[in-house]
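Q: For reference, this is coords_18.cif, and it has mmCIF, C-alpha atoms.
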```
data_data
#
loop_
_atom_site.label_atom_id
_atom_site.label_comp_id
_atom_site.auth_asym_id
_atom_site.auth_seq_id
_atom_site.Cartn_x
_atom_site.Cartn_y
_atom_site.Cartn_z
CA MET P 166 71.88 42.37 27.61
CA THR P 167 75.51 41.24 27.33
CA PRO P 168 76.30 40.01 23.79
CA ILE P 169 77.34 36.37 23.45
CA ALA P 170 80.99 35.99 22.50
CA PHE P 171 81.88 33.15 20.14
CA THR P 172 85.37 31.80 19.67
CA PHE P 173 86.55 29.74 16.71
CA THR P 174 88.90 26.86 17.46
CA ARG P 175 90.61 24.77 14.81
CA ASP P 176 91.07 21.35 16.37
CA ARG P 177 92.32 18.11 14.82
CA PHE P 178 89.00 17.37 13.16
CA THR P 179 88.79 20.87 11.67
CA TRP P 180 92.21 20.52 10.06
CA LEU P 181 91.34 17.00 8.89
CA ALA P 182 88.14 18.27 7.25
CA TYR P 183 90.06 21.12 5.60
CA PHE P 184 92.60 18.66 4.22
CA MET P 185 89.97 16.22 2.96
CA LEU P 186 88.04 18.98 1.18
CA ALA P 187 91.29 20.12 -0.45
CA TYR P 188 91.91 16.48 -1.48
CA TYR P 189 88.44 16.27 -3.03
CA ALA P 190 88.71 19.65 -4.78
CA TYR P 191 92.10 18.80 -6.24
CA LEU P 192 90.82 15.60 -7.85
CA GLN P 193 87.62 17.24 -9.07
CA ALA P 194 89.60 20.09 -10.63
CA ALA P 195 92.04 17.65 -12.27
CA LEU P 196 89.44 16.24 -14.67
CA GLY P 197 89.45 19.27 -16.97
CA PRO P 198 93.22 19.74 -17.34
CA LEU P 199 93.88 16.01 -17.79
CA MET P 200 91.21 15.51 -20.43
CA PRO P 201 93.24 16.78 -23.45
CA PHE P 202 95.96 14.24 -22.60
CA LEU P 203 93.52 11.38 -22.02
CA ALA P 204 91.64 12.29 -25.21
CA ALA P 205 94.86 12.18 -27.24
CA GLU P 206 95.82 8.78 -25.80
CA LEU P 207 92.43 7.11 -26.30
CA GLU P 208 91.36 9.16 -29.37
CA LEU P 209 88.21 10.35 -27.65
CA SER P 210 85.53 12.31 -29.47
CA TYR P 211 84.01 15.43 -27.91
CA THR P 212 81.02 13.33 -26.90
CA LEU P 213 83.15 10.80 -25.02
CA ARG P 214 85.14 13.58 -23.35
CA GLY P 215 81.92 15.20 -22.22
CA LEU P 216 80.60 11.92 -20.84
CA HIS P 217 83.45 11.86 -18.33
CA PHE P 218 82.28 15.18 -16.93
CA SER P 219 78.61 14.23 -17.08
CA ALA P 220 79.32 10.95 -15.28
CA PHE P 221 81.06 12.82 -12.47
CA ALA P 222 78.20 15.33 -12.22
CA LEU P 223 75.59 12.55 -12.23
CA GLY P 224 77.45 10.86 -9.41
CA MET P 225 77.39 14.09 -7.40
CA ILE P 226 73.62 14.34 -7.87
CA ILE P 227 73.14 10.76 -6.68
CA ALA P 228 75.37 11.35 -3.64
CA GLY P 229 73.60 14.59 -2.78
CA ALA P 230 70.18 12.96 -2.99
CA THR P 231 71.08 9.92 -0.87
CA ALA P 232 73.78 11.09 1.57
CA ASP P 233 71.36 11.93 4.40
CA ARG P 234 69.77 8.50 4.41
CA ALA P 235 73.12 6.78 3.86
CA ALA P 236 74.59 8.61 6.86
CA ARG P 237 71.70 7.47 9.06
CA TYR P 238 72.14 3.88 7.91
CA PHE P 239 75.94 3.54 7.74
CA GLY P 240 77.04 6.38 10.02
CA ARG P 241 78.96 9.53 9.29
CA ARG P 242 82.38 7.97 9.93
CA THR P 243 81.78 5.32 7.27
CA LEU P 244 80.69 7.90 4.70
CA PHE P 245 83.55 10.26 5.58
CA TRP P 246 86.34 7.73 5.17
CA GLY P 247 84.45 5.58 2.70
CA GLY P 248 83.88 8.59 0.47
CA GLY P 249 87.60 9.27 0.46
CA ALA P 250 88.24 5.62 -0.40
CA GLY P 251 85.69 5.87 -3.20
CA MET P 252 87.63 8.78 -4.64
CA VAL P 253 90.76 6.61 -4.54
CA LEU P 254 88.96 3.74 -6.28
CA GLY P 255 87.68 6.04 -9.02
CA VAL P 256 91.15 7.51 -9.55
CA ILE P 257 92.68 4.05 -9.91
CA ILE P 258 90.02 3.03 -12.45
CA LEU P 259 90.47 6.28 -14.38
CA THR P 260 94.26 6.17 -14.48
CA LEU P 261 94.54 2.46 -15.35
CA GLY P 262 91.64 2.35 -17.82
CA GLN P 263 92.57 1.93 -21.46
CA THR P 264 89.11 2.29 -22.97
CA SER P 265 86.53 5.06 -22.67
CA PRO P 266 83.83 2.97 -20.91
CA ILE P 267 86.29 2.17 -18.13
CA THR P 268 87.58 5.72 -17.72
CA ILE P 269 84.03 7.11 -17.78
CA PHE P 270 83.08 4.60 -15.11
CA GLY P 271 86.07 5.72 -13.05
CA SER P 272 84.83 9.30 -13.29
CA PHE P 273 81.37 8.16 -12.20
CA VAL P 274 82.79 6.35 -9.16
CA MET P 275 84.71 9.48 -8.18
CA GLY P 276 81.57 11.58 -8.50
CA THR P 277 79.28 9.18 -6.65
CA ILE P 278 81.16 7.56 -3.78
CA GLY P 279 83.68 10.38 -3.55
CA SER P 280 80.99 13.01 -3.15
CA TYR P 281 79.72 11.37 0.02
CA LEU P 282 82.94 12.72 1.49
CA LEU P 283 82.08 16.22 0.26
CA VAL P 284 78.63 16.11 1.88
CA MET P 285 80.01 14.78 5.15
CA ILE P 286 82.67 17.51 5.32
CA GLN P 287 80.09 20.27 4.98
CA ALA P 288 77.68 18.66 7.45
CA THR P 289 80.26 17.79 10.09
CA LEU P 290 81.99 21.18 9.98
CA ALA P 291 78.61 22.90 10.38
CA ASP P 292 77.64 20.74 13.37
CA HIS P 293 81.11 20.85 14.91
CA HIS P 294 81.43 24.65 14.89
CA GLY P 295 77.80 25.63 15.43
CA ALA P 296 77.37 29.40 15.36
CA MET P 297 80.87 29.77 13.88
CA ARG P 298 80.17 27.39 11.01
CA ALA P 299 80.45 30.20 8.44
CA VAL P 300 84.11 30.68 9.34
CA ALA P 301 84.87 26.98 9.02
CA LEU P 302 83.03 26.61 5.71
CA THR P 303 84.68 29.71 4.26
CA GLU P 304 88.18 28.67 5.32
CA SER P 305 87.68 25.14 4.04
CA ASN P 306 86.58 26.41 0.63
CA VAL P 307 89.50 28.82 0.39
CA GLY P 308 91.81 25.88 1.05
CA ALA P 309 89.93 23.81 -1.53
CA SER P 310 90.43 26.54 -4.15
CA ALA P 311 94.15 26.60 -3.40
CA ALA P 312 94.34 22.83 -3.86
CA ALA P 313 92.34 23.02 -7.09
CA MET P 314 94.86 25.57 -8.38
CA LEU P 315 97.69 23.06 -7.91
CA ALA P 316 96.06 20.30 -9.99
CA PRO P 317 96.50 21.87 -13.47
CA LEU P 318 100.02 23.04 -12.60
CA LEU P 319 101.17 19.58 -11.54
CA ILE P 320 99.46 17.82 -14.45
CA SER P 321 100.95 20.17 -17.04
CA GLN P 322 104.46 20.13 -15.59
CA LEU P 323 104.56 16.35 -15.30
CA GLU P 324 103.65 16.12 -18.98
CA ASN P 325 106.07 18.91 -19.85
CA PHE P 326 108.98 16.99 -18.32
CA GLY P 327 108.07 13.68 -19.92
CA PHE P 328 106.08 12.08 -17.13
CA SER P 329 102.41 11.06 -17.19
CA TRP P 330 99.55 13.17 -15.84
CA ARG P 331 98.54 10.04 -13.95
CA PHE P 332 101.17 10.67 -11.28
CA ALA P 333 99.37 13.91 -10.37
CA LEU P 334 96.29 11.88 -9.44
CA LEU P 335 98.09 8.94 -7.85
CA ALA P 336 99.86 11.37 -5.52
CA MET P 337 96.46 12.04 -3.96
CA VAL P 338 95.97 8.32 -3.40
CA ALA P 339 99.10 8.41 -1.25
CA ALA P 340 97.88 11.58 0.51
CA TRP P 341 94.57 9.91 1.41
CA ALA P 342 96.39 6.82 2.71
CA ILE P 343 98.57 8.99 4.96
CA ALA P 344 95.53 10.87 6.27
CA LEU P 345 93.77 7.58 7.04
CA ALA P 346 96.82 6.16 8.82
CA THR P 347 97.36 9.24 10.98
CA HIS P 348 93.81 10.51 11.61
CA SER P 349 91.48 7.52 11.41
CA ARG P 350 90.73 7.71 15.15
CA VAL P 351 89.80 11.40 15.14
CA PRO P 352 86.13 11.59 16.27
CA ILE P 353 83.68 12.48 13.49
CA PRO P 354 80.99 14.95 14.74
CA GLN P 355 77.48 13.59 14.73
CA SER P 356 74.32 15.42 13.71
CA SER P 357 73.28 18.08 16.22
CA VAL P 358 69.67 16.90 15.85
CA GLU P 359 70.67 13.32 16.60
CA ASN P 360 72.69 14.45 19.61
CA ARG P 361 69.62 16.13 21.10
CA GLY P 362 67.49 13.11 20.42
CA VAL P 363 64.94 15.25 18.62
CA ASN P 364 62.85 13.96 15.75
CA GLN P 365 61.99 17.12 13.89
CA PRO P 366 59.11 16.98 11.42
CA LYS P 367 59.95 17.69 7.81
CA ALA P 368 59.16 21.22 6.71
CA ARG P 369 58.81 22.73 3.26
CA MET P 370 61.61 24.99 2.16
CA PRO P 371 60.68 28.69 2.00
CA ALA P 372 60.63 30.50 -1.34
CA LEU P 373 63.87 32.29 -0.50
CA PHE P 374 65.66 28.96 -0.32
CA TRP P 375 64.79 28.25 -3.95
CA VAL P 376 66.05 31.68 -5.00
CA TYR P 377 69.40 30.88 -3.41
CA TRP P 378 69.26 27.39 -4.93
CA LEU P 379 68.82 28.86 -8.43
CA VAL P 380 71.72 31.28 -7.94
CA VAL P 381 73.97 28.42 -6.79
CA LEU P 382 72.81 26.25 -9.71
CA LEU P 383 73.70 28.92 -12.27
CA GLY P 384 76.98 29.81 -10.56
CA VAL P 385 78.14 26.19 -10.31
CA SER P 386 77.10 25.56 -13.93
CA VAL P 387 79.34 28.37 -15.16
CA GLU P 388 82.17 27.44 -12.80
CA TRP P 389 82.41 23.80 -13.79
CA SER P 390 81.62 24.25 -17.48
CA THR P 391 84.71 26.45 -17.51
CA GLY P 392 86.72 24.18 -15.24
CA PHE P 393 85.97 21.07 -17.28
CA TRP P 394 86.16 22.46 -20.83
CA ALA P 395 88.55 25.43 -20.85
CA ALA P 396 91.78 23.44 -21.33
CA ASP P 397 90.24 21.57 -24.27
CA PHE P 398 88.98 24.84 -25.75
CA LEU P 399 92.33 26.60 -25.36
CA GLU P 400 94.13 23.76 -27.13
CA ASN P 401 91.74 23.02 -29.99
CA VAL P 402 90.18 26.43 -30.67
CA VAL P 403 92.69 29.02 -29.47
CA GLY P 404 95.68 26.90 -30.54
CA ILE P 405 97.70 26.90 -27.32
CA ARG P 406 100.09 24.02 -26.67
CA ARG P 407 98.43 21.21 -24.72
CA VAL P 408 100.66 21.53 -21.66
CA ASP P 409 100.23 25.32 -21.63
CA ALA P 410 96.46 25.00 -22.00
CA ALA P 411 96.37 22.70 -18.98
CA ALA P 412 98.66 24.96 -16.95
CA SER P 413 96.61 28.06 -17.73
CA MET P 414 93.66 26.55 -15.88
CA ALA P 415 95.51 27.42 -12.68
CA LEU P 416 94.63 31.07 -13.35
CA PHE P 417 90.94 30.20 -13.22
CA TYR P 418 91.32 28.68 -9.76
CA VAL P 419 93.49 31.60 -8.63
CA ALA P 420 90.57 33.85 -9.58
CA ILE P 421 88.17 31.65 -7.60
CA LEU P 422 90.55 31.72 -4.63
CA LEU P 423 90.73 35.52 -4.72
CA GLY P 424 86.98 35.81 -5.17
CA ARG P 425 86.29 33.63 -2.14
CA TRP P 426 88.85 35.50 -0.04
CA PHE P 427 87.46 38.92 -0.94
CA GLY P 428 83.91 37.61 -0.59
CA SER P 429 84.64 36.43 2.95
CA ARG P 430 85.99 39.89 3.82
CA LEU P 431 82.88 41.57 2.39
#
```
Let me see whether you can do it: turn the structure in this file into structure tokens.
A:
Amino acid sequence: MTPIAFTFTRDRFTWLAYFMLAYYAYLQAALGPLMPFLAAELELSYTLRGLHFSAFALGMIIAGATADRAARYFGRRTLFWGGGAGMVLGVIILTLGQTSPITIFGSFVMGTIGSYLLVMIQATLADHHGAMRAVALTESNVGASAAAMLAPLLISQLENFGFSWRFALLAMVAAWAIALATHSRVPIPQSSVENRGVNQPKARMPALFWVYWLVVLLGVSVEWSTGFWAADFLENVVGIRRVDAAASMALFYVAILLGRWFGSRL
């Protein structure tokens, strides 16, 4: 039997999805490095700092649990671009807020509405590239790690030169607006099941799925506990200058970038 040859093509939607995942990852990664500066401005306790991260995580859980039904009701295009807009809304609330309830709410909006974008990127890339989805998902996450690496560098250097960390987040608002203006008509891939017109019955996940689920749960817990709290720890426990503590977080994302690159090769 002749083996089936698969080719991987990066079209306009693929590059758009890569960019939007990088946009999401940058803003998600910015929460940890910016927190020491926000905490100093608003005199936040450790509890209030932690609530920003918990609010974002809670929003991600809500988005993950409801995205499938929301996509069926509103459509993938609405969730794709609406999720990006939700990230913008959350950023504006976070950067303009002058009290902890408002900034925590901004973090929650980013985590909830913004994470619909994250779910849609993964789903649409998988459906768009079919058997080659692993390549698309790997490349998109490598790009996301590179973008996440830039967030602490830009935040720290803006503060180091006398500007506010807020400009590092507002720059992404402009980036999203440019993407919307130039790519809003790019077709968003629909579900492969919907395209076939097949109503598949729900099936229980096999035991192996839950093993993988547990591994991902533990891995993500370690990753984002470090990503969210390391800058604060380096400043208040290790004694590093605030701007240097924020900048050093770039090394964490460099390590993630290298790990994903080597992992894809393996």
Q: Which residues match the PyMOL selection byres ((chain P and resi 395) around 9) in the file above, as a PDB file with C-alpha atoms, in the frame of the given file?
A:
```pdb
ATOM      1  CA  GLY P 197      89.450  19.270 -16.970  1.00  0.00           C
ATOM      2  CA  PRO P 198      93.220  19.740 -17.340  1.00  0.00           C
ATOM      3  CA  SER P 390      81.620  24.250 -17.480  1.00  0.00           C
ATOM      4  CA  THR P 391      84.710  26.450 -17.510  1.00  0.00           C
ATOM      5  CA  GLY P 392      86.720  24.180 -15.240  1.00  0.00           C
ATOM      6  CA  PHE P 393      85.970  21.070 -17.280  1.00  0.00           C
ATOM      7  CA  TRP P 394      86.160  22.460 -20.830  1.00  0.00           C
ATOM      8  CA  ALA P 396      91.780  23.440 -21.330  1.00  0.00           C
ATOM      9  CA  ASP P 397      90.240  21.570 -24.270  1.00  0.00           C
ATOM     10  CA  PHE P 398      88.980  24.840 -25.750  1.00  0.00           C
ATOM     11  CA  LEU P 399      92.330  26.600 -25.360  1.00  0.00           C
ATOM     12  CA  GLU P 400      94.130  23.760 -27.130  1.00  0.00           C
ATOM     13  CA  ALA P 410      96.460  25.000 -22.000  1.00  0.00           C
ATOM     14  CA  ALA P 411      96.370  22.700 -18.980  1.00  0.00           C
ATOM     15  CA  MET P 414      93.660  26.550 -15.880  1.00  0.00           C
TER      16      MET P 414
END
```
Q: So how many Å separate CA of Gln287 (chain P) and CA of Val387 (chain P), to one decimal?
A: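 CA of Val387 (chain P) lies at a distance of 21.7 Å from CA of Gln287 (chain P).
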Q: Of the candidates P:Gly308, P:Gly327, P:Gly404, P:Pro371, which shows the shortest atom-to-atom distance to Leu423 (chain P), using only C-alpha atoms?
A: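 Distance minimum relative to Leu423 (chain P) lands on P:Gly308.
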Q: Pick out the closest residue to Arg406 (chain P) from this set: P:Trp426, P:Tyr238, P:Phe202, P:Phe273. Count all atoms listed in the file.
A: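 Using all atoms listed in the file, the shortest distance to Arg406 (chain P) belongs to P:Phe202.
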Q: Looking at P:Gly262, P:Leu335, P:Glu304, P:Arg298, which one is nearest to Tyr183 (chain P), with distances taken over all atoms listed in the file?
A: P:Glu304
Q: Using only C-alpha atoms, which residues sit within 6 Å of region 276-278 of chain P once same-chain residues fewer than 5 positions away are excluded, as a ChimeraX atom specification?
A: /P:221,224-225,228,248,251
Q: With a distance cut-off of 12 Å and only C-alpha atoms, select the neighbouring residues of Tyr189 (chain P), excluding the residue or stretch itself and same-chain residues fewer than 3 positions from it, and output the selection as a VMD selection string.
A: chain P and resid 182 to 186 192 to 196 245 248 to 253 255 to 256 275 to 276 278 to 286 305 to 306 308 to 313 316 334 337 to 338 340 to 341
Q: Which residue gives the smallest distance to Phe178 (chain P) among P:Ala190, P:Glu388, P:Arg242, P:Ala222, with only C-alpha atoms counted?
A: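 Of the candidates, the smallest distance to Phe178 (chain P) is held by P:Arg242.
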Q: May I ask for the distance between CA of Asp409 (chain P) and CA of Leu259 (chain P), given in Å to one decimal place?
A: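 Result for CA of Asp409 (chain P) versus CA of Leu259 (chain P): 22.6 Å, one decimal.
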Q: Could you tell me which of P:Trp330, P:Phe270, P:Phe417, P:Phe173 comes closest to Leu213 (chain P) if we count only C-alpha atoms?
A: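 Result for the nearest residue to Leu213 (chain P): P:Phe270.
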Q: Which one of P:Leu319, P:Trp246, P:His348, P:Ile343 sits closest to Val408 (chain P) if you count only C-alpha atoms?
A: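 With only C-alpha atoms as the atom set, the closest residue is P:Leu319.
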Q: Report, in Å to a single decimal, how far apart CA of Asp292 (chain P) and CA of Arg234 (chain P) are.
A: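 Result for CA of Arg234 (chain P) versus CA of Asp292 (chain P): 17.1 Å, one decimal.
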Q: Using the file's own x, y and z axes, what box holds all listed atoms of region 406-421 of chain P with 4 Å on each side, keeping edges along x, y and z, and what are its centre and edge lengths in Å to one decimal, as AutoDock Vina command-line options?
A:
```
--center_x 94.4 --center_y 27.5 --center_z -17.1 --size_x 20.5 --size_y 20.6 --size_z 27.1
```
Q: Each residue of region 215-324 of chain P with at least one atom at most 8 Å from region 351-357 of chain P should appear once, together with its nearest atom pair and the corresponding distance in Å (one decimal); atoms considered: all atoms listed in the file; ordering: chain, then increasing residue number; output as CSV.
A:
```
residue,atom,partner,partner_atom,distance
P:Arg241,CA,P:Gln355,CA,6.9
P:Arg242,CA,P:Ile353,CA,5.9
P:Ala288,CA,P:Ser356,CA,7.8
P:Thr289,CA,P:Pro354,CA,5.5
P:Leu290,CA,P:Pro354,CA,7.9
P:Asp292,CA,P:Ser357,CA,5.8
P:His293,CA,P:Pro354,CA,5.9
```
Q: How would you write, as a compact mmCIF listing (two decimals) with C-alpha atoms, in the frame of the given file, the residues chosen by the PyMOL selection byres ((chain P and resi 429) around 10) on this structure?
A:
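File produced: selection29.txt:
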```
# COMPACT_ATOMS: atom_id res chain seq x y z
CA ALA P 299 80.45 30.20 8.44
CA VAL P 300 84.11 30.68 9.34
CA THR P 303 84.68 29.71 4.26
CA GLU P 304 88.18 28.67 5.32
CA VAL P 307 89.50 28.82 0.39
CA LEU P 423 90.73 35.52 -4.72
CA GLY P 424 86.98 35.81 -5.17
CA ARG P 425 86.29 33.63 -2.14
CA TRP P 426 88.85 35.50 -0.04
CA PHE P 427 87.46 38.92 -0.94
CA GLY P 428 83.91 37.61 -0.59
CA ARG P 430 85.99 39.89 3.82
CA LEU P 431 82.88 41.57 2.39
```
Q: Report the residues retrieved by the PyMOL selection byres ((chain P and resi 214) around 10) from the displayed file, expressed as a count of residues only.
A: 22
Q: Generate a file for region 299-332 of chain P, containing C-alpha atoms, as a JSON list (two decimals), in the first residue's frame.
A:
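Listed below is the output, result_1.json:
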```json
[["chain", "number", "residue", "atom", "x", "y", "z"],
["P", 299, "ALA", "CA", 0.17, 18.58, 15.61],
["P", 300, "VAL", "CA", 2.51, 20.74, 13.53],
["P", 301, "ALA", "CA", 0.18, 23.74, 13.70],
["P", 302, "LEU", "CA", -0.42, 23.40, 17.44],
["P", 303, "THR", "CA", 3.28, 22.99, 18.16],
["P", 304, "GLU", "CA", 4.31, 25.96, 16.04],
["P", 305, "SER", "CA", 1.59, 28.15, 17.52],
["P", 306, "ASN", "CA", 2.71, 27.34, 21.06],
["P", 307, "VAL", "CA", 6.35, 28.00, 20.24],
["P", 308, "GLY", "CA", 5.30, 31.42, 18.95],
["P", 309, "ALA", "CA", 3.20, 31.97, 22.06],
["P", 310, "SER", "CA", 6.21, 31.22, 24.28],
["P", 311, "ALA", "CA", 8.29, 33.73, 22.34],
["P", 312, "ALA", "CA", 5.61, 36.39, 22.83],
["P", 313, "ALA", "CA", 5.32, 35.56, 26.53],
["P", 314, "MET", "CA", 9.07, 36.09, 26.84],
["P", 315, "LEU", "CA", 8.71, 39.65, 25.54],
["P", 316, "ALA", "CA", 6.10, 40.70, 28.12],
["P", 317, "PRO", "CA", 8.38, 40.85, 31.21],
["P", 318, "LEU", "CA", 11.17, 42.49, 29.19],
["P", 319, "LEU", "CA", 8.95, 45.28, 27.91],
["P", 320, "ILE", "CA", 7.25, 45.84, 31.28],
["P", 321, "SER", "CA", 10.54, 46.05, 33.16],
["P", 322, "GLN", "CA", 12.26, 48.31, 30.62],
["P", 323, "LEU", "CA", 9.34, 50.72, 30.43],
["P", 324, "GLU", "CA", 9.48, 51.07, 34.21],
["P", 325, "ASN", "CA", 13.26, 51.28, 34.15],
["P", 326, "PHE", "CA", 13.16, 54.27, 31.79],
["P", 327, "GLY", "CA", 10.44, 56.09, 33.71],
["P", 328, "PHE", "CA", 7.37, 54.98, 31.78],
["P", 329, "SER", "CA", 4.43, 52.96, 33.09],
["P", 330, "TRP", "CA", 4.04, 49.20, 32.70],
["P", 331, "ARG", "CA", 0.59, 50.00, 31.34],
["P", 332, "PHE", "CA", 2.01, 50.89, 27.94]]
```
